[in-house]
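Inspection log for the structure reproduced underneath, given as structure tokens.
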Amino acid sequence: MVLTAARTRMLTGSLIMLAALLVVGPALASQPTPWGIGFQEAASPIKEQINAFHNVMLVIIFLIAALVLALLVFVCFRFREKANPEPAKFTHNTAVEVLWTVIPFLIVIGISFYSVPLIFRMDRVENPEMTLVVRGYQWHWGYEYPDQQIDEFLSFMVADDDITGDQVRLLSTDAPVVLPVDTDIQILVGAADVLHSWAMPAFGIKTDAVPGRLNETWVRIDREGTYFGQCSEICGVGHAYMPIEVRAVSREAFDQWVIDQVGDDVDPDNPPVLLTMTWDEAVGGDRQLAQVAAD
Ligand SMILES: [Cu+2]
């Protein structure tokens, strides 16, 4: 191929764009972006550890692939027919066979020192401060906050024609999940009809929603913002249209949201759990229920 000036310019242009994407990619918001490559920016400690593990694995994979490629090229050249008119007839070489068994084994053992503890950390959290129950339906999600006494509400994708403001096509929902930042949140995932999967890339969560079974995961969100995810287990014709939208807010704002949700229909002996104050303080303090109702 002859590299004309125009071709060179095009090639240079794409290389610069690729480099820019590599550098800018991780800094973009927590949602898919056009031409985005790489991961969404981490919004939880687990996701940061997953990213770090991924980066280590990438180096290991690259080194192995480079070694295998170099060996192949060497073998093709060194043992080509022209240089070896009389091929060797031997089979088996104990030393080589032991090496190519033991070395990969040691590599896998080495990786497991990193990956297995991470799997355990991802699995569950000790003493969560609150619980979110997620239920998959064909084709929307249901969310319930048992500690806050918020009954299940359903969360549907906003249709194309109804998109307003900064809503995102195919990702925004009519009822986002509201979660507090800096809080250990236990997430219980189930399904009411077929298999779904509750997947939030920025949190490092992808947990299958299985009918008749409760799966557990957890998250501690680092910073406030809106995060998007999608159902990640093909569940029928509406599979692509049941997105997840999480609004991460401060712990105070979360309490306020809970107060707004439950209204004044509260059993005083068994009030909803708040994060920054007791229910009595909420009712008796500045944030009186009457005030909230008046807003
Ligand atoms: Cu689904």
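Letters A, B, ... mark the chains of the structure tokens in the order given; residue numbers begin at 1 per chain; ligand numbers begin at 1, in order shown.
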Quick one: which chain A residues come within 10 Å of ligand 1, and what is the nearest atom pair for each with the distance in Å to one decimal, counting only C-alpha atoms and all ligand atoms, rows ordered by chain and ascending number, as a Markdown table?
```
| residue | atom | partner | partner_atom_place_in_ligand_line | distance |
| --- | --- | --- | --- | --- |
| A:Arg135 | CA | ligand 1 | 1 (Cu) | 9.9 |
| A:Gly136 | CA | ligand 1 | 1 (Cu) | 6.3 |
| A:Tyr137 | CA | ligand 1 | 1 (Cu) | 6.7 |
| A:Gln138 | CA | ligand 1 | 1 (Cu) | 6.2 |
| A:Trp139 | CA | ligand 1 | 1 (Cu) | 6.0 |
| A:His140 | CA | ligand 1 | 1 (Cu) | 7.2 |
| A:Trp141 | CA | ligand 1 | 1 (Cu) | 8.2 |
| A:Ala191 | CA | ligand 1 | 1 (Cu) | 8.9 |
| A:Asp193 | CA | ligand 1 | 1 (Cu) | 9.6 |
| A:Val194 | CA | ligand 1 | 1 (Cu) | 7.8 |
| A:Leu195 | CA | ligand 1 | 1 (Cu) | 6.7 |
| A:His196 | CA | ligand 1 | 1 (Cu) | 3.9 |
| A:Ser197 | CA | ligand 1 | 1 (Cu) | 6.2 |
| A:Trp198 | CA | ligand 1 | 1 (Cu) | 8.1 |
| A:Asp208 | CA | ligand 1 | 1 (Cu) | 9.5 |
| A:Ala209 | CA | ligand 1 | 1 (Cu) | 8.3 |
| A:Gln230 | CA | ligand 1 | 1 (Cu) | 8.1 |
| A:Cys231 | CA | ligand 1 | 1 (Cu) | 4.7 |
| A:Ser232 | CA | ligand 1 | 1 (Cu) | 6.7 |
| A:Glu233 | CA | ligand 1 | 1 (Cu) | 5.8 |
| A:Ile234 | CA | ligand 1 | 1 (Cu) | 6.0 |
| A:Cys235 | CA | ligand 1 | 1 (Cu) | 4.6 |
| A:Gly236 | CA | ligand 1 | 1 (Cu) | 7.2 |
| A:Val237 | CA | ligand 1 | 1 (Cu) | 9.3 |
| A:Gly238 | CA | ligand 1 | 1 (Cu) | 7.4 |
| A:His239 | CA | ligand 1 | 1 (Cu) | 4.9 |
| A:Ala240 | CA | ligand 1 | 1 (Cu) | 7.7 |
| A:Tyr241 | CA | ligand 1 | 1 (Cu) | 8.3 |
| A:Met242 | CA | ligand 1 | 1 (Cu) | 6.4 |
| A:Pro243 | CA | ligand 1 | 1 (Cu) | 8.7 |
```
Given the selection you just returned, output its residues as a file containing C-alpha atoms, formatted as a compact mmCIF listing (two decimals), in the first residue's frame.
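The new file out37.txt reads:
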```txt
# COMPACT_ATOMS: atom_id res chain seq x y z
CA ARG A 135 -37.19 -6.90 41.22
CA GLY A 136 -37.03 -7.54 37.46
CA TYR A 137 -40.18 -7.65 35.36
CA GLN A 138 -40.87 -7.94 31.63
CA TRP A 139 -39.93 -5.11 30.99
CA HIS A 140 -39.26 -2.73 33.81
CA TRP A 141 -37.75 -2.72 37.29
CA ALA A 191 -37.30 -11.41 39.38
CA ASP A 193 -41.17 -13.64 35.56
CA VAL A 194 -37.99 -14.51 33.64
CA LEU A 195 -34.24 -14.00 34.09
CA HIS A 196 -33.03 -10.39 34.16
CA SER A 197 -29.79 -8.88 35.39
CA TRP A 198 -29.34 -5.65 37.34
CA ASP A 208 -28.66 -11.82 37.91
CA ALA A 209 -32.32 -11.46 38.78
CA GLN A 230 -29.31 -1.68 31.81
CA CYS A 231 -30.81 -5.13 32.07
CA SER A 232 -27.99 -7.47 31.11
CA GLU A 233 -29.69 -10.83 30.77
CA ILE A 234 -31.71 -11.19 27.61
CA CYS A 235 -35.29 -11.33 28.82
CA GLY A 236 -37.51 -10.93 25.79
CA VAL A 237 -38.61 -8.35 23.28
CA GLY A 238 -38.38 -5.41 25.70
CA HIS A 239 -34.94 -6.35 27.04
CA ALA A 240 -33.27 -3.24 25.62
CA TYR A 241 -35.96 -0.98 27.06
CA MET A 242 -35.71 -1.54 30.80
CA PRO A 243 -32.86 0.75 31.85
```
Discussion item. With DSSP run on the backbone, what are the helix (DSSP H, G or I) residues within segment 23-134 of chain A? I'd like them as a PyMOL selection string.
Written reply: chain A and resi 23-27+45-78+94-123
Discussion item. So the first atom is atom CA of Gln148 of chain A and the second is atom CA of Asp255 of chain A; what is the distance between them in Å, to one decimal place?
Written reply: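 Spanning atom CA of Gln148 of chain A to atom CA of Asp255 of chain A is a straight-line distance of 9.2 Å.
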Discussion item. Counting only C-alpha atoms, which residue out of A:Tyr227, A:Trp218, A:Phe53, A:Trp35 sits closest to Glu129 of chain A?
Written reply: A:Trp218
Practice prompt. Pick out the closest residue to Ile50 of chain A from this set: A:Val258, A:Ala66, A:Val158, A:Ala202. Count only C-alpha atoms.
Written response: A:Ala202
Worksheet entry | atom CA of Lys89 of chain A to atom CA of Val75 of chain A, distance in Å rounded to a single decimal |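 These atoms are spaced 16.2 Å apart.
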Which residues of segment 102-164 of chain A sit at most 10 Å from segment 245-250 of chain A, using only C-alpha atoms? Give each one's shortest atom pair and distance in Å (one decimal place), in chain and ascending residue order, as a tab-separated table.
```
residue	atom	partner	partner_atom	distance
A:Ser155	CA	A:Glu245	CA	8.7
A:Phe156	CA	A:Glu245	CA	9.8
A:Met157	CA	A:Glu245	CA	9.1
```
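Between atom CA of Thr33 of chain A and atom CA of Leu118 of chain A there is a distance of 27.8 Å.
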